[in-house]
Each structure stands twice: as structure tokens, then as C-alpha cells.
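*Asks:* The structure file coords26.pdb (PDB, C-alpha atoms and all ligand atoms) is provided below.
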ATOM      1  CA  MET A   1     261.501   4.434 115.082  1.00  0.00           C
ATOM      2  CA  LYS A   2     261.148   0.710 115.696  1.00  0.00           C
ATOM      3  CA  GLY A   3     263.150  -1.675 113.538  1.00  0.00           C
ATOM      4  CA  ILE A   4     260.039  -3.541 112.437  1.00  0.00           C
ATOM      5  CA  VAL A   5     259.034  -0.505 110.373  1.00  0.00           C
ATOM      6  CA  PHE A   6     262.388  -0.678 108.553  1.00  0.00           C
ATOM      7  CA  THR A   7     262.435  -4.432 108.045  1.00  0.00           C
ATOM      8  CA  GLU A   8     258.894  -4.313 106.619  1.00  0.00           C
ATOM      9  CA  LEU A   9     259.735  -1.383 104.310  1.00  0.00           C
ATOM     10  CA  LEU A  10     262.695  -3.373 103.007  1.00  0.00           C
ATOM     11  CA  ALA A  11     260.528  -6.498 102.592  1.00  0.00           C
ATOM     12  CA  MET A  12     257.996  -4.530 100.537  1.00  0.00           C
ATOM     13  CA  ALA A  13     260.793  -2.972  98.472  1.00  0.00           C
ATOM     14  CA  GLU A  14     262.442  -6.338  97.819  1.00  0.00           C
ATOM     15  CA  GLN A  15     259.163  -7.673  96.527  1.00  0.00           C
ATOM     16  CA  ALA A  16     258.744  -4.630  94.253  1.00  0.00           C
ATOM     17  CA  VAL A  17     262.241  -4.016  92.892  1.00  0.00           C
ATOM     18  CA  GLY A  18     264.354  -6.988  94.022  1.00  0.00           C
ATOM     19  CA  GLU A  19     267.094  -7.487  96.562  1.00  0.00           C
ATOM     20  CA  ALA A  20     269.941  -6.143  94.398  1.00  0.00           C
ATOM     21  CA  VAL A  21     268.264  -2.766  93.917  1.00  0.00           C
ATOM     22  CA  VAL A  22     267.404  -2.543  97.617  1.00  0.00           C
ATOM     23  CA  ASP A  23     271.024  -3.294  98.535  1.00  0.00           C
ATOM     24  CA  ALA A  24     272.205  -0.555  96.153  1.00  0.00           C
ATOM     25  CA  VAL A  25     269.737   1.938  97.656  1.00  0.00           C
ATOM     26  CA  LEU A  26     270.975   1.101 101.165  1.00  0.00           C
ATOM     27  CA  ASP A  27     274.588   1.503 100.039  1.00  0.00           C
ATOM     28  CA  GLU A  28     273.942   4.890  98.440  1.00  0.00           C
ATOM     29  CA  ALA A  29     271.703   6.388 101.110  1.00  0.00           C
ATOM     30  CA  GLU A  30     273.418   8.282 103.882  1.00  0.00           C
ATOM     31  CA  LEU A  31     272.200   6.282 106.850  1.00  0.00           C
ATOM     32  CA  SER A  32     273.264   6.992 110.388  1.00  0.00           C
ATOM     33  CA  SER A  33     272.539   3.355 111.222  1.00  0.00           C
ATOM     34  CA  GLY A  34     274.948   2.046 108.584  1.00  0.00           C
ATOM     35  CA  GLY A  35     272.238   0.223 106.623  1.00  0.00           C
ATOM     36  CA  VAL A  36     271.730  -2.829 108.847  1.00  0.00           C
ATOM     37  CA  PHE A  37     268.306  -3.114 110.475  1.00  0.00           C
ATOM     38  CA  THR A  38     266.881  -5.679 112.871  1.00  0.00           C
ATOM     39  CA  ALA A  39     263.228  -5.922 113.884  1.00  0.00           C
ATOM     40  CA  VAL A  40     264.053  -5.324 117.555  1.00  0.00           C
ATOM     41  CA  GLY A  41     266.365  -2.315 117.050  1.00  0.00           C
ATOM     42  CA  SER A  42     265.485   1.378 116.941  1.00  0.00           C
ATOM     43  CA  TYR A  43     266.661   3.749 114.227  1.00  0.00           C
ATOM     44  CA  PRO A  44     266.129   7.404 113.349  1.00  0.00           C
ATOM     45  CA  CYS A  45     263.121   8.315 111.220  1.00  0.00           C
ATOM     46  CA  SER A  46     265.515  10.289 108.990  1.00  0.00           C
ATOM     47  CA  ASP A  47     266.924   6.928 107.868  1.00  0.00           C
ATOM     48  CA  LEU A  48     263.435   5.793 106.871  1.00  0.00           C
ATOM     49  CA  MET A  49     262.970   8.975 104.843  1.00  0.00           C
ATOM     50  CA  ALA A  50     266.362   8.484 103.176  1.00  0.00           C
ATOM     51  CA  ILE A  51     265.478   4.916 102.156  1.00  0.00           C
ATOM     52  CA  VAL A  52     262.065   5.963 100.827  1.00  0.00           C
ATOM     53  CA  GLY A  53     263.726   8.783  98.860  1.00  0.00           C
ATOM     54  CA  GLY A  54     266.300   6.384  97.443  1.00  0.00           C
ATOM     55  CA  LEU A  55     263.663   3.838  96.420  1.00  0.00           C
ATOM     56  CA  CYS A  56     261.403   6.305  94.591  1.00  0.00           C
ATOM     57  CA  PRO A  57     263.375   6.556  91.329  1.00  0.00           C
ATOM     58  CA  HIS A  58     263.453   2.754  91.093  1.00  0.00           C
ATOM     59  CA  THR A  59     259.704   2.377  91.556  1.00  0.00           C
ATOM     60  CA  GLY A  60     258.457   5.342  89.516  1.00  0.00           C
ATOM     61  CA  MET A  61     256.449   6.410  92.560  1.00  0.00           C
ATOM     62  CA  SER A  62     256.482   9.735  94.374  1.00  0.00           C
ATOM     63  CA  VAL A  63     257.535   9.837  98.025  1.00  0.00           C
ATOM     64  CA  GLU A  64     253.897  10.285  98.915  1.00  0.00           C
ATOM     65  CA  ALA A  65     252.659   7.325  96.834  1.00  0.00           C
ATOM     66  CA  LEU A  66     255.379   5.080  98.197  1.00  0.00           C
ATOM     67  CA  GLN A  67     254.658   6.052 101.808  1.00  0.00           C
ATOM     68  CA  ARG A  68     250.958   5.443 101.209  1.00  0.00           C
ATOM     69  CA  ALA A  69     251.590   2.014  99.684  1.00  0.00           C
ATOM     70  CA  PHE A  70     253.824   1.217 102.646  1.00  0.00           C
ATOM     71  CA  GLY A  71     251.022   2.195 105.034  1.00  0.00           C
ATOM     72  CA  GLY A  72     248.860  -0.426 103.324  1.00  0.00           C
ATOM     73  CA  TRP A  73     251.614  -3.024 103.569  1.00  0.00           C
ATOM     74  CA  MET A  74     252.124  -2.276 107.279  1.00  0.00           C
ATOM     75  CA  LEU A  75     248.401  -2.537 108.037  1.00  0.00           C
ATOM     76  CA  ARG A  76     248.329  -5.986 106.423  1.00  0.00           C
ATOM     77  CA  TYR A  77     251.356  -6.905 108.525  1.00  0.00           C
ATOM     78  CA  PHE A  78     249.470  -5.850 111.676  1.00  0.00           C
ATOM     79  CA  VAL A  79     246.427  -7.870 110.588  1.00  0.00           C
ATOM     80  CA  ALA A  80     248.603 -10.952 110.023  1.00  0.00           C
ATOM     81  CA  HIS A  81     250.420 -10.626 113.361  1.00  0.00           C
ATOM     82  CA  TYR A  82     247.702  -9.235 115.625  1.00  0.00           C
ATOM     83  CA  PRO A  83     244.447 -10.576 114.125  1.00  0.00           C
ATOM     84  CA  GLY A  84     242.691 -10.446 117.505  1.00  0.00           C
ATOM     85  CA  VAL A  85     242.981  -6.665 117.637  1.00  0.00           C
ATOM     86  CA  PHE A  86     240.967  -6.344 114.420  1.00  0.00           C
ATOM     87  CA  ALA A  87     238.545  -9.182 115.141  1.00  0.00           C
ATOM     88  CA  GLY A  88     237.723  -7.533 118.471  1.00  0.00           C
ATOM     89  CA  LYS A  89     236.252  -4.454 116.781  1.00  0.00           C
ATOM     90  CA  PRO A  90     232.838  -4.420 115.108  1.00  0.00           C
ATOM     91  CA  GLY A  91     234.009  -2.297 112.178  1.00  0.00           C
ATOM     92  CA  PRO A  92     236.714  -0.076 110.720  1.00  0.00           C
ATOM     93  CA  LEU A  93     235.655   3.152 112.406  1.00  0.00           C
ATOM     94  CA  GLU A  94     235.685   1.539 115.855  1.00  0.00           C
ATOM     95  CA  MET A  95     239.109   0.131 115.024  1.00  0.00           C
ATOM     96  CA  LEU A  96     240.437   3.539 113.964  1.00  0.00           C
ATOM     97  CA  GLU A  97     238.922   5.192 117.040  1.00  0.00           C
ATOM     98  CA  SER A  98     240.814   2.761 119.281  1.00  0.00           C
ATOM     99  CA  VAL A  99     244.315   3.364 117.869  1.00  0.00           C
ATOM    100  CA  ASP A 100     245.173   6.321 120.086  1.00  0.00           C
ATOM    101  CA  GLY A 101     243.574   5.249 123.370  1.00  0.00           C
ATOM    102  CA  GLU A 102     244.058   1.480 123.215  1.00  0.00           C
ATOM    103  CA  ILE A 103     246.336   0.079 120.537  1.00  0.00           C
ATOM    104  CA  HIS A 104     249.173   2.540 120.691  1.00  0.00           C
ATOM    105  CA  VAL A 105     248.858   2.559 124.495  1.00  0.00           C
ATOM    106  CA  GLU A 106     249.681  -1.179 124.428  1.00  0.00           C
ATOM    107  CA  VAL A 107     252.481  -0.561 121.905  1.00  0.00           C
ATOM    108  CA  ARG A 108     253.953   2.050 124.278  1.00  0.00           C
ATOM    109  CA  LYS A 109     253.882  -0.458 127.181  1.00  0.00           C
ATOM    110  CA  LEU A 110     255.833  -2.980 125.105  1.00  0.00           C
ATOM    111  CA  TYR A 111     258.197  -0.400 123.572  1.00  0.00           C
ATOM    112  CA  PRO A 112     258.607   2.664 125.788  1.00  0.00           C
ATOM    113  CA  ASP A 113     260.847   4.248 123.143  1.00  0.00           C
ATOM    114  CA  ALA A 114     258.288   3.917 120.299  1.00  0.00           C
ATOM    115  CA  GLU A 115     257.689   7.143 118.374  1.00  0.00           C
ATOM    116  CA  LEU A 116     253.947   7.233 118.077  1.00  0.00           C
ATOM    117  CA  PRO A 117     251.578   9.807 116.634  1.00  0.00           C
ATOM    118  CA  ARG A 118     248.529  11.198 118.455  1.00  0.00           C
ATOM    119  CA  PHE A 119     244.975  11.105 117.130  1.00  0.00           C
ATOM    120  CA  ARG A 120     241.837  12.979 118.114  1.00  0.00           C
ATOM    121  CA  THR A 121     238.684  11.496 116.650  1.00  0.00           C
ATOM    122  CA  ALA A 122     235.119  12.698 116.165  1.00  0.00           C
ATOM    123  CA  ARG A 123     232.099  11.117 114.468  1.00  0.00           C
ATOM    124  CA  ARG A 124     230.783  13.409 111.775  1.00  0.00           C
ATOM    125  CA  GLY A 125     227.664  11.467 110.809  1.00  0.00           C
ATOM    126  CA  ALA A 126     226.644   7.918 109.972  1.00  0.00           C
ATOM    127  CA  GLY A 127     229.691   6.160 108.569  1.00  0.00           C
ATOM    128  CA  GLU A 128     231.856   9.261 108.922  1.00  0.00           C
ATOM    129  CA  LEU A 129     234.869   9.767 111.147  1.00  0.00           C
ATOM    130  CA  GLN A 130     237.322  12.620 111.416  1.00  0.00           C
ATOM    131  CA  MET A 131     240.838  11.813 112.653  1.00  0.00           C
ATOM    132  CA  ILE A 132     243.176  14.645 113.531  1.00  0.00           C
ATOM    133  CA  TYR A 133     246.676  13.262 113.209  1.00  0.00           C
ATOM    134  CA  THR A 134     249.583  14.888 115.033  1.00  0.00           C
ATOM    135  CA  SER A 135     253.164  13.705 114.643  1.00  0.00           C
ATOM    136  CA  ALA A 136     256.649  15.130 114.818  1.00  0.00           C
ATOM    137  CA  ARG A 137     257.510  12.906 111.827  1.00  0.00           C
ATOM    138  CA  PRO A 138     256.590  13.535 108.163  1.00  0.00           C
ATOM    139  CA  LEU A 139     254.450  10.395 107.821  1.00  0.00           C
ATOM    140  CA  THR A 140     251.056  11.767 106.788  1.00  0.00           C
ATOM    141  CA  ALA A 141     250.938   9.712 103.580  1.00  0.00           C
ATOM    142  CA  PHE A 142     251.940   6.577 105.519  1.00  0.00           C
ATOM    143  CA  CYS A 143     249.041   7.266 107.870  1.00  0.00           C
ATOM    144  CA  HIS A 144     246.712   7.753 104.882  1.00  0.00           C
ATOM    145  CA  GLY A 145     247.667   4.284 103.619  1.00  0.00           C
ATOM    146  CA  LEU A 146     247.120   2.714 107.039  1.00  0.00           C
ATOM    147  CA  ILE A 147     243.624   4.208 107.265  1.00  0.00           C
ATOM    148  CA  GLU A 148     242.587   3.122 103.746  1.00  0.00           C
ATOM    149  CA  ALA A 149     243.878  -0.406 104.253  1.00  0.00           C
ATOM    150  CA  CYS A 150     242.231  -0.635 107.661  1.00  0.00           C
ATOM    151  CA  VAL A 151     238.814   0.013 106.081  1.00  0.00           C
ATOM    152  CA  ALA A 152     239.588  -2.377 103.209  1.00  0.00           C
ATOM    153  CA  HIS A 153     240.389  -5.080 105.763  1.00  0.00           C
ATOM    154  CA  TYR A 154     236.742  -4.952 106.889  1.00  0.00           C
ATOM    155  CA  GLY A 155     235.646  -5.348 103.255  1.00  0.00           C
ATOM    156  CA  MET A 156     234.326  -1.834 102.848  1.00  0.00           C
ATOM    157  CA  ALA A 157     234.921   0.945 100.347  1.00  0.00           C
ATOM    158  CA  VAL A 158     235.979   4.324 101.655  1.00  0.00           C
ATOM    159  CA  GLU A 159     236.737   7.869 100.692  1.00  0.00           C
ATOM    160  CA  VAL A 160     239.566   9.404 102.729  1.00  0.00           C
ATOM    161  CA  ARG A 161     240.149  13.125 102.361  1.00  0.00           C
ATOM    162  CA  CYS A 162     243.465  14.319 103.727  1.00  0.00           C
ATOM    163  CA  THR A 163     243.971  17.985 104.589  1.00  0.00           C
ATOM    164  CA  PRO A 164     247.490  18.901 105.713  1.00  0.00           C
ATOM    165  CA  ARG A 165     247.637  20.714 109.016  1.00  0.00           C
ATOM    166  CA  PRO A 166     251.084  22.307 109.231  1.00  0.00           C
ATOM    167  CA  PRO A 167     253.450  22.075 110.939  1.00  0.00           C
ATOM    168  CA  ASP A 168     252.861  18.670 112.420  1.00  0.00           C
ATOM    169  CA  GLY A 169     249.965  16.698 111.057  1.00  0.00           C
ATOM    170  CA  ALA A 170     246.815  16.392 109.003  1.00  0.00           C
ATOM    171  CA  VAL A 171     243.063  16.033 109.221  1.00  0.00           C
ATOM    172  CA  PHE A 172     241.613  12.841 107.737  1.00  0.00           C
ATOM    173  CA  ASP A 173     237.926  12.878 106.832  1.00  0.00           C
ATOM    174  CA  ILE A 174     236.878   9.271 106.435  1.00  0.00           C
ATOM    175  CA  ARG A 175     233.568   8.361 104.793  1.00  0.00           C
ATOM    176  CA  LEU A 176     232.470   4.759 104.363  1.00  0.00           C
ATOM    177  CA  GLU A 177     230.772   4.159 101.024  1.00  0.00           C
ATOM    178  CA  ARG A 178     227.714   2.013 100.768  1.00  0.00           C
TER     179      ARG A 178
HETATM  180  C1  LIG A 201     247.408  -3.825 115.469  1.00  0.00           C
HETATM  181  C2  LIG A 201     247.408  -2.587 115.069  1.00  0.00           C
HETATM  182  C3  LIG A 201     248.587  -1.615 115.233  1.00  0.00           C
HETATM  183  C4  LIG A 201     249.800  -1.796 115.840  1.00  0.00           C
HETATM  184  C5  LIG A 201     250.324  -3.051 116.536  1.00  0.00           C
HETATM  185  C6  LIG A 201     250.551  -0.550 115.683  1.00  0.00           C
HETATM  186  C7  LIG A 201     251.854  -0.344 116.099  1.00  0.00           C
HETATM  187  C8  LIG A 201     252.669   0.667 115.705  1.00  0.00           C
HETATM  188  C9  LIG A 201     254.116   0.705 115.848  1.00  0.00           C
HETATM  189  C10 LIG A 201     254.968  -0.387 116.496  1.00  0.00           C
HETATM  190  C11 LIG A 201     254.553   1.853 115.282  1.00  0.00           C
HETATM  191  C12 LIG A 201     256.017   2.313 115.134  1.00  0.00           C
HETATM  192  C13 LIG A 201     256.523   3.031 116.332  1.00  0.00           C
HETATM  193  C14 LIG A 201     257.959   3.411 116.121  1.00  0.00           C
HETATM  194  O1  LIG A 201     258.415   3.296 115.011  1.00  0.00           O
HETATM  195  O2  LIG A 201     258.671   3.823 117.072  1.00  0.00           O
HETATM  196  C15 LIG A 201     253.391   2.548 114.793  1.00  0.00           C
HETATM  197  C16 LIG A 201     253.450   3.752 114.172  1.00  0.00           C
HETATM  198  C17 LIG A 201     252.365   4.347 113.612  1.00  0.00           C
HETATM  199  N1  LIG A 201     251.046   3.946 113.709  1.00  0.00           N
HETATM  200 FE1  LIG A 201     250.358   2.243 114.551  1.00  0.00          FE
HETATM  201  N2  LIG A 201     249.785   0.353 115.020  1.00  0.00           N
HETATM  202  C18 LIG A 201     248.592  -0.266 114.714  1.00  0.00           C
HETATM  203  C19 LIG A 201     247.563   0.270 114.018  1.00  0.00           C
HETATM  204  C20 LIG A 201     247.563   1.508 113.484  1.00  0.00           C
HETATM  205  C21 LIG A 201     246.473   2.048 112.708  1.00  0.00           C
HETATM  206  C22 LIG A 201     245.175   1.320 112.322  1.00  0.00           C
HETATM  207  C23 LIG A 201     246.834   3.294 112.365  1.00  0.00           C
HETATM  208  C24 LIG A 201     245.995   4.202 111.527  1.00  0.00           C
HETATM  209  C25 LIG A 201     245.617   5.343 111.860  1.00  0.00           C
HETATM  210  C26 LIG A 201     248.160   3.567 112.941  1.00  0.00           C
HETATM  211  C27 LIG A 201     248.912   4.728 112.797  1.00  0.00           C
HETATM  212  C28 LIG A 201     250.280   4.823 112.971  1.00  0.00           C
HETATM  213  C29 LIG A 201     251.148   5.845 112.389  1.00  0.00           C
HETATM  214  C30 LIG A 201     250.709   6.978 111.483  1.00  0.00           C
HETATM  215  C31 LIG A 201     252.460   5.550 112.794  1.00  0.00           C
HETATM  216  C32 LIG A 201     253.774   6.271 112.394  1.00  0.00           C
HETATM  217  C33 LIG A 201     254.341   7.133 113.476  1.00  0.00           C
HETATM  218  C34 LIG A 201     253.979   8.593 113.279  1.00  0.00           C
HETATM  219  O3  LIG A 201     253.135   8.924 112.422  1.00  0.00           O
HETATM  220  O4  LIG A 201     254.531   9.448 114.000  1.00  0.00           O
HETATM  221  N3  LIG A 201     248.561   2.450 113.625  1.00  0.00           N
HETATM  222  N4  LIG A 201     252.262   1.822 115.063  1.00  0.00           N
END
Take the structure in this file and express it as C-alpha cells.
Ligand code: HEM
*Replies:*
Amino acid sequence: MKGIVFTELLAMAEQAVGEAVVDAVLDEAELSSGGVFTAVGSYPCSDLMAIVGGLCPHTGMSVEALQRAFGGWMLRYFVAHYPGVFAGKPGPLEMLESVDGEIHVEVRKLYPDAELPRFRTARRGAGELQMIYTSARPLTAFCHGLIEACVAHYGMAVEVRCTPRPPDGAVFDIRLER
């Protein structure tokens, strides 16, 4: 998993609980990387899960809620750093439809070792999109947060229903609200 995911998780955590708590969590977690992360490095996803697990008691959030909040944080990071990607799409559903076939394809060109999920998408009606998420990593709630924040970025309200699809993913039913 790319280092940027770790450095942004730690940035969000520092804002929420402060640097001292984050340092203590990193010290206590059993991390194969030793607890030092750079944006350009790559680290195992198990380290991300260990940090999230260690942060939970300090935030009062469940693993799921924290992952989902982090998805929102990460989407806003993408908007800030790659505004053209979002501006180039007419709306949130077009943006979400392009993640698998365009955006993550570009990510893969830049970072051949990136661990990316797969998505299959289908329109279900006006303002409705189904995304079938497949990943070897347990990041469904993170994905949920990315999707919600992506719609919010376009100034729209949304209902996202998430149905787990064991063993490796989930179905997201996304309905824009008028
Ligand atoms: C400018 C937009 C985007 C960029 C640049 C981007 C890039 C990335 C990068 C660099 C990673 C980490 C890869 C790794 O750790 O090895 C990632 C992971 C991920 N991305 Fe994107 N992404 C974008 C938008 C989105 C959107 C809108 C979604 C929402 C569906 C999404 C879903 C995910 C998920 C769920 C993961 C975690 C990996 C997994 O689930 O297995 N991404 N993305």
C-alpha cells in the first residue's frame, strides 16, 4: 500500500487526537515497517489496519467509522491535489464510473506496485449507480467514505447502501437525492 495512504491517515489522526497520541499508537502497534512512513514508500496493508485499530480507542470510533471518515479525508486530499480529474467529469456518477477504467489505470502507470481494488459499475436508473467493489484488502468502509465524499464534492446529497459480498468485497448502491 502506497505511503501516501499512511501519511494521510496519520495527518487526519494528528488533527483529531494530537501528535503525542499518534506517536504512542505507532509505538504500541506491531508494525512490520517500524512506524516510519514516507509518502513515496510502500508498506503492508496490515500496518494500516494495525494503526486504525490502535487509534480507535482514542477516538471513540469503531474501526468501520474510522475507515469511513478516512475515506472522506482521502477523497478531499485527491480533490486538493488532482482537481482536474474531478473538474473533467460532469457529475459524481460519471466520476465514480471512471475510477476503475481511467483513474486507477493512471495510478497503476505511475505506481506499478499500487494495490488497487476493482470496480464493476451499472446504472440502475436516473441518478442511481451500482458499484461492485472487489479487493483483497478489508477496506470496504474506506471505500464507502470515498464514495460519499465524492458525491458531496459535487454538492449533492446521496444515499449509499453497502451490502458486504464475502469474501472479498461489497456492493454499493448509490442513489443521488434531489
Ligand atoms: C483523483 C482521484 C483518485 C486517485 C488519484 C486515486 C488513487 C489511489 C491510490 C494511490 C490508492 C492507493 C494504492 C495503494 O495503496 O497501493 C488508491 C486506493 C483506493 N482507491 Fe483510489 N484514487 C482516486 C479516486 C478514488 C475514488 C473516487 C474511489 C471511490 C470509489 C477510489 C477507491 C479506492 C479504494 C477503495 C482504494 C483502496 C484499495 C483497496 O480497496 O483495495 N479511488 N486510490
*Asks:* May I have the residues within 12 Å of Arg123 of chain A as an mmCIF file with C-alpha atoms, in the coordinates of the input, using all atoms listed in the file and disregarding those fewer than 3 positions away in the same chain?
*Replies:*
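Written out: out_18.cif:
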data_model
loop_
_atom_site.group_PDB
_atom_site.id
_atom_site.type_symbol
_atom_site.label_atom_id
_atom_site.label_comp_id
_atom_site.auth_asym_id
_atom_site.auth_seq_id
_atom_site.Cartn_x
_atom_site.Cartn_y
_atom_site.Cartn_z
ATOM 1 C CA LEU A 93 235.655 3.152 112.406
ATOM 2 C CA GLU A 94 235.685 1.539 115.855
ATOM 3 C CA LEU A 96 240.437 3.539 113.964
ATOM 4 C CA GLU A 97 238.922 5.192 117.040
ATOM 5 C CA ARG A 120 241.837 12.979 118.114
ATOM 6 C CA ALA A 126 226.644 7.918 109.972
ATOM 7 C CA GLY A 127 229.691 6.160 108.569
ATOM 8 C CA GLU A 128 231.856 9.261 108.922
ATOM 9 C CA LEU A 129 234.869 9.767 111.147
ATOM 10 C CA GLN A 130 237.322 12.620 111.416
ATOM 11 C CA MET A 131 240.838 11.813 112.653
ATOM 12 C CA ILE A 132 243.176 14.645 113.531
ATOM 13 C CA PHE A 172 241.613 12.841 107.737
ATOM 14 C CA ASP A 173 237.926 12.878 106.832
ATOM 15 C CA ILE A 174 236.878 9.271 106.435
ATOM 16 C CA ARG A 175 233.568 8.361 104.793
ATOM 17 C CA LEU A 176 232.470 4.759 104.363
#
*Asks:* Which residues would end up in the selection if the PyMOL selection byres (((chain A and resi 163) around 12) and not hetatm) were applied here, given that I need the answer as number ranges by chain?
*Replies:* A: 130-133, 140-141, 144, 160-162, 164-166, 168-174
*Asks:* I'd like the interatomic distance between atom CA of Asp100 of chain A and atom CA of Pro117 of chain A, to a tenth of an Å.
*Replies:*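 These atoms are spaced 8.1 Å apart.
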*Asks:* Taking the file as shown, find all residues satisfying the PyMOL selection byres (((chain A and resi 42) around 7) and not hetatm) and write them as a PyMOL selection string.
*Replies:* chain A and resi 1-3+40-41+43
*Asks:* Could you check which of A:Glu102, A:Glu14, A:Asp113, A:Glu177 is closest to ligand LIG 201 (chain A), using all atoms listed in the file?
*Replies:*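 With all atoms listed in the file as the atom set, the closest residue is A:Asp113.
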*Asks:* Have a look at atom CA of Glu30 of chain A and atom CA of Met49 of chain A and let me know their distance in Å, one decimal.
*Replies:*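 Computing it gives 10.5 Å between the two atoms.
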*Asks:* Could you tell me, as a PyMOL selection string, exactly which residues end up selected when the PyMOL selection byres (((chain A and resi 64-81) around 7) and not hetatm) is applied to this structure?
*Replies:* chain A and resi 9+61-63+82-83+86+141-146+149-150
*Asks:* Selected residues, C-alpha atoms, written as an mmCIF file, keeping the file's coordinate frame, please.
*Replies:*
data_model
loop_
_atom_site.group_PDB
_atom_site.id
_atom_site.type_symbol
_atom_site.label_atom_id
_atom_site.label_comp_id
_atom_site.auth_asym_id
_atom_site.auth_seq_id
_atom_site.Cartn_x
_atom_site.Cartn_y
_atom_site.Cartn_z
ATOM 1 C CA LEU A 9 259.735 -1.383 104.310
ATOM 2 C CA MET A 61 256.449 6.410 92.560
ATOM 3 C CA SER A 62 256.482 9.735 94.374
ATOM 4 C CA VAL A 63 257.535 9.837 98.025
ATOM 5 C CA TYR A 82 247.702 -9.235 115.625
ATOM 6 C CA PRO A 83 244.447 -10.576 114.125
ATOM 7 C CA PHE A 86 240.967 -6.344 114.420
ATOM 8 C CA ALA A 141 250.938 9.712 103.580
ATOM 9 C CA PHE A 142 251.940 6.577 105.519
ATOM 10 C CA CYS A 143 249.041 7.266 107.870
ATOM 11 C CA HIS A 144 246.712 7.753 104.882
ATOM 12 C CA GLY A 145 247.667 4.284 103.619
ATOM 13 C CA LEU A 146 247.120 2.714 107.039
ATOM 14 C CA ALA A 149 243.878 -0.406 104.253
ATOM 15 C CA CYS A 150 242.231 -0.635 107.661
#
*Asks:* Between A:Val85, A:Ile147, A:Ala157, A:Asp47, which one has atoms that come closest to Gly34 of chain A, using all atoms listed in the file?
*Replies:*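 Result for the nearest residue to Gly34 of chain A: A:Asp47.
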*Asks:* Considering all atoms listed in the file, can you say which of A:Gly53, A:Gly155, A:Gly91, A:Gly60 comes closest to ligand LIG 201 (chain A)?
*Replies:*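 Ranked by minimum distance to ligand LIG 201 (chain A), first place goes to A:Gly91.
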*Asks:* So how far away is atom CA of Val25 of chain A from atom C7 of ligand LIG 201 (chain A), in Å?
*Replies:*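 So the two atoms, atom C7 of ligand LIG 201 (chain A) and atom CA of Val25 of chain A, lie 25.8 Å apart.
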*Asks:* So, with all atoms listed in the file as the atoms that count, which of A:Lys89, A:Arg137, A:His58, A:His153 lies closest to ligand LIG 201 (chain A)?
*Replies:*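 The closest residue to ligand LIG 201 (chain A) is A:Arg137.
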*Asks:* For ligand LIG 201 (chain A), which residue among A:Arg178, A:Asp27, A:Ser33, A:Leu139 is the nearest when counting all atoms listed in the file?
*Replies:*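 Looking only at the distances to ligand LIG 201 (chain A), the closest residue turns out to be A:Leu139.
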*Asks:* So that I can see what lies close to Ala24 of chain A, please list as a PyMOL selection string the residues with an atom at most 10 Å from it, counting only C-alpha atoms and leaving out residues fewer than 4 positions away in the same chain.
*Replies:* chain A and resi 19-20+28-29+54-55
*Asks:* Centre and edge lengths of an axis-aligned box around all listed atoms of segment 73-91 of chain A, with 4 Å added on each side, are to be given in Å to one decimal, as AutoDock Vina command-line options.
*Replies:*
--center_x 242.5 --center_y -6.6 --center_z 111.0 --size_x 27.3 --size_y 16.7 --size_z 22.9
*Asks:* Counting all atoms listed in the file, what is within 9 Å of Thr59 of chain A, bar same-chain residues fewer than 5 positions away, as number ranges by chain?
*Replies:* A: 13, 16-17, 66
*Asks:* Regenerate segment 170-174 of chain A at the level of all heavy atoms and dump it as a compact mmCIF listing (two decimals), in the coordinates of the input.
*Replies:*
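The new file selection31.txt reads:
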# COMPACT_ATOMS: atom_id res chain seq x y z
N ALA A 170 247.83 16.33 110.06
CA ALA A 170 246.82 16.39 109.00
C ALA A 170 245.46 16.03 109.59
O ALA A 170 245.38 15.41 110.65
CB ALA A 170 247.17 15.41 107.88
N VAL A 171 244.42 16.44 108.86
CA VAL A 171 243.06 16.03 109.22
C VAL A 171 242.60 15.02 108.18
O VAL A 171 242.70 15.28 106.97
CB VAL A 171 242.10 17.24 109.23
CG1 VAL A 171 240.68 16.78 109.57
CG2 VAL A 171 242.58 18.31 110.19
N PHE A 172 242.15 13.86 108.63
CA PHE A 172 241.61 12.84 107.74
C PHE A 172 240.10 12.79 107.92
O PHE A 172 239.61 12.55 109.03
CB PHE A 172 242.21 11.46 108.06
CG PHE A 172 243.67 11.36 107.72
CD1 PHE A 172 244.63 11.48 108.72
CD2 PHE A 172 244.09 11.14 106.41
CE1 PHE A 172 245.99 11.40 108.41
CE2 PHE A 172 245.45 11.06 106.10
CZ PHE A 172 246.40 11.18 107.10
N ASP A 173 239.38 13.03 106.82
CA ASP A 173 237.93 12.88 106.83
C ASP A 173 237.59 11.57 106.12
O ASP A 173 237.85 11.43 104.92
CB ASP A 173 237.26 14.08 106.17
CG ASP A 173 237.35 15.31 107.06
OD1 ASP A 173 236.70 15.29 108.13
OD2 ASP A 173 238.10 16.25 106.72
N ILE A 174 237.06 10.65 106.89
CA ILE A 174 236.88 9.27 106.44
C ILE A 174 235.38 9.02 106.26
O ILE A 174 234.60 9.26 107.19
CB ILE A 174 237.46 8.31 107.51
CG1 ILE A 174 238.94 8.61 107.72
CG2 ILE A 174 237.22 6.85 107.13
CD1 ILE A 174 239.46 8.17 109.08
